[in-house]
Amino acid sequence: MGEKIVVCGEAGQGQAVKVITQAITAVNCATLAQGLVLARQAGVNVDALLETMDGGSSDSTMRALKGKPMLEHDFTPLFKLAHMLKDVQLCLSEARTAGGTFPFAGLAAELYGAGMGRGLGDQDFAAVIEVIEGLTGSRT
């Protein structure tokens, strides 16, 4: 299987592309975590929720890769939370330099930063669900 090669702008923009895509990933993961925690609080069968999302407009690679591990609190690192926070912070810096904004990435940085404060930096970035649980006083 060949690698997907996409040219995104001028030469030298690879770092910006990387951190923007990472920030989008971080926001997606944090959003999924929030939805799972809310569903559990509302008494929804979260396994059924994940199945219902499959193929629908709320489906995502994030749901497929991280949904079950989040529910099981399996944070075996594929990409460390500390590294995700670093990339999100770099994206926010790129946004400021460009005169732009990415408020959802700012929120993600707060959540992943709180994860660092909880000692989750060496865990997979899906451990952000523990931050959400801490904010809501629940555990999925």
# chains A, B, ... in the order shown; residues from 1 in each chain; ligands from 1
>>> residues_around(residues="A:Ala64", least_positions_apart="6", cutoff="12 Å", atoms="only C-alpha atoms", output="list in words")
Asn28, Cys29, Leu32, Asp47, Leu50, Glu51, Thr52, Met53, Asp54, Gly55, Ser58 and Met70 of chain A
>>> residues_around(residues="stretch 111-124 of chain A", least_positions_apart="5", cutoff="8 Å", atoms="only C-alpha atoms", output="ChimeraX atom specification")
/A:30,75-85,130-132
>>> closest_residue(among="A:Gln41, A:Thr136, A:Gln15, A:Gln22", to="A:Val88", atoms="only C-alpha atoms")
A:Gln22
>>> closest_residue(among="A:Ser60, A:Thr21, A:Gln34, A:Gln13", to="A:Ser138", atoms="only C-alpha atoms")
A:Gln34
>>> atom_distance(atom1="atom CA of A:Val27", atom2="atom CA of A:Phe104")
6.5 Å
>>> atom_distance(atom1="atom CA of A:Ala95", atom2="atom CA of A:Ala23")
11.2 Å
>>> closest_residue(among="A:Asn45, A:Gln89, A:Thr101, A:Thr31", to="A:Lys66", atoms="only C-alpha atoms")
A:Thr31
>>> closest_residue(among="A:Ala26, A:Val128, A:Val19, A:Ala105", to="A:Met62", atoms="only C-alpha atoms")
A:Ala26
>>> select_by_dssp(residues="chain A", states="helix (DSSP H, G or I)", output="JSON, numbers by chain")
{"A": [14, 15, 16, 17, 18, 19, 20, 21, 22, 23, 24, 25, 26, 27, 28, 29, 30, 31, 32, 33, 34, 35, 36, 37, 38, 39, 40, 41, 46, 47, 48, 49, 50, 51, 52, 53, 61, 62, 63, 64, 65, 66, 67, 68, 69, 70, 71, 72, 81, 82, 83, 84, 85, 86, 87, 88, 89, 90, 91, 92, 93, 94, 95, 96, 97, 103, 104, 105, 106, 107, 108, 109, 110, 111, 112, 113, 114, 115, 116, 117, 125, 126, 127, 128, 129, 130, 131, 132, 133, 134, 135, 136]}
